[in-house]
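Let me begin by presenting the structure, written as structure tokens, before commenting on it.
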Amino acid sequence: MAQTVYHVVPSGDEWAVKKQGAEQASRVAATQKEAINHAEVFARRQAPSRIVIHREDGAISEQRSFALTARQESPWTEILTTPPVLTGLALALGVGGLVWLLRRD
């Protein structure tokens with residue numbers, strides 16, 4: 001899987017988050033800290049990824065990597081996807097569908 005790279009770079013009086021290879025910024029922020037926060041959000045969503053943070057002179061000051069993480073399933077998902085619950089839902093929906101069909105005029 002290819003790694004997505006975001007750069008936090010100076011852009012005039014502001015800071016831009018640019019996806020590597022893109023011409024336009026994904027986001028522009030007033031401060032470097034704010035731009036880093038935006039870049040981290042993008043990077044976490046696109047993991048595996050990394051952000052490259054540049055100084056005002058354009059030199060690289062830091063890099064941060066973001067790995068894929070297992071998604072935490074809700075306890076409700078585990079309960080609602082058990083065979084007895086799914087069977088009950090299927091029966092309930094089946095009975096409801098049958099009642100609807102018989103009541104049609």
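Scheme for the structure tokens: letters A, B, ... for chains in order shown; per-chain residue numbers from 1; ligand numbers from 1 in order shown.
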Excluding segment 52-61 of chain A and residues on its chain fewer than 2 positions from it, collect all residues at most 6 Å away from it, counting only C-alpha atoms, and give them as a ChimeraX atom specification. /A:7-10,63
Could you pull the residues within 10 Å of Thr31 of chain A, counting only C-alpha atoms, minus those fewer than 5 positions along the same chain, as a list in words? Pro10, Asp13, Glu14, Trp15, Ala16 and Ile36 of chain A
Take the residues from that selection and write them out as a tab-separated table (two decimals), in the first residue's frame, keeping N, CA and C atoms.
```
chain	number	residue	atom	x	y	z
A	10	PRO	N	5.31	26.94	4.51
A	10	PRO	CA	4.91	28.35	4.58
A	10	PRO	C	4.27	28.79	3.27
A	13	ASP	N	2.01	34.75	4.44
A	13	ASP	CA	1.91	34.96	5.89
A	13	ASP	C	1.18	33.81	6.58
A	14	GLU	N	0.82	32.80	5.83
A	14	GLU	CA	0.06	31.67	6.38
A	14	GLU	C	0.86	30.38	6.20
A	15	TRP	N	0.23	29.28	6.60
A	15	TRP	CA	0.82	27.96	6.45
A	15	TRP	C	-0.14	27.07	5.67
A	16	ALA	N	0.40	26.28	4.76
A	16	ALA	CA	-0.43	25.42	3.92
A	16	ALA	C	-0.13	23.95	4.19
A	36	ILE	N	-0.37	22.03	11.21
A	36	ILE	CA	0.08	20.70	11.62
A	36	ILE	C	-1.11	19.88	12.11
```
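Counting only C-alpha atoms, the residue from A:Arg64, A:Lys19, A:Arg27, A:Arg103 that sits nearest to Glu40 of chain A is A:Arg64.
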Looking only at the backbone, which of the residues in segment 17-75 of chain A does DSSP tag as helix (DSSP H, G or I), as a ChimeraX atom specification? /A:32-45,75
Could you write out the selected residues, including C-alpha atoms, as a JSON list (two decimals), in the first residue's frame?
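What landed in again-v3.json:
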```
[["chain", "number", "residue", "atom", "x", "y", "z"],
["A", 32, "GLN", "CA", 2.04, 26.48, 11.68],
["A", 33, "LYS", "CA", 0.55, 24.71, 14.70],
["A", 34, "GLU", "CA", -2.94, 24.90, 13.22],
["A", 35, "ALA", "CA", -1.67, 23.60, 9.87],
["A", 36, "ILE", "CA", 0.08, 20.70, 11.62],
["A", 37, "ASN", "CA", -3.19, 19.80, 13.36],
["A", 38, "HIS", "CA", -5.02, 19.75, 10.01],
["A", 39, "ALA", "CA", -2.23, 17.68, 8.44],
["A", 40, "GLU", "CA", -2.43, 15.14, 11.27],
["A", 41, "VAL", "CA", -6.18, 14.75, 10.74],
["A", 42, "PHE", "CA", -5.64, 14.15, 7.01],
["A", 43, "ALA", "CA", -2.75, 11.76, 7.68],
["A", 44, "ARG", "CA", -4.67, 9.67, 10.21],
["A", 45, "ARG", "CA", -7.52, 9.26, 7.71],
["A", 75, "PRO", "CA", -19.84, -3.50, 21.70]]
```
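For the pair atom CA of Pro48 of chain A and atom CA of Glu62 of chain A, the interatomic distance is 17.3 Å.
With atom CA of Thr69 of chain A on one side and atom CA of Val17 of chain A on the other, the separation reads 23.0 Å.
Of the residues in segment 18-53 of chain A, those that DSSP places in strand (DSSP E) on the basis of the backbone are A:Lys18, A:Lys19, A:Arg27, A:Val28, A:Ala29, A:Ser49, A:Arg50, A:Ile51, A:Val52, A:Ile53.
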Just to confirm, what's the straight-line distance from atom CA of Phe66 of chain A to atom CA of Thr4 of chain A in Å (one decimal)? 9.7 Å
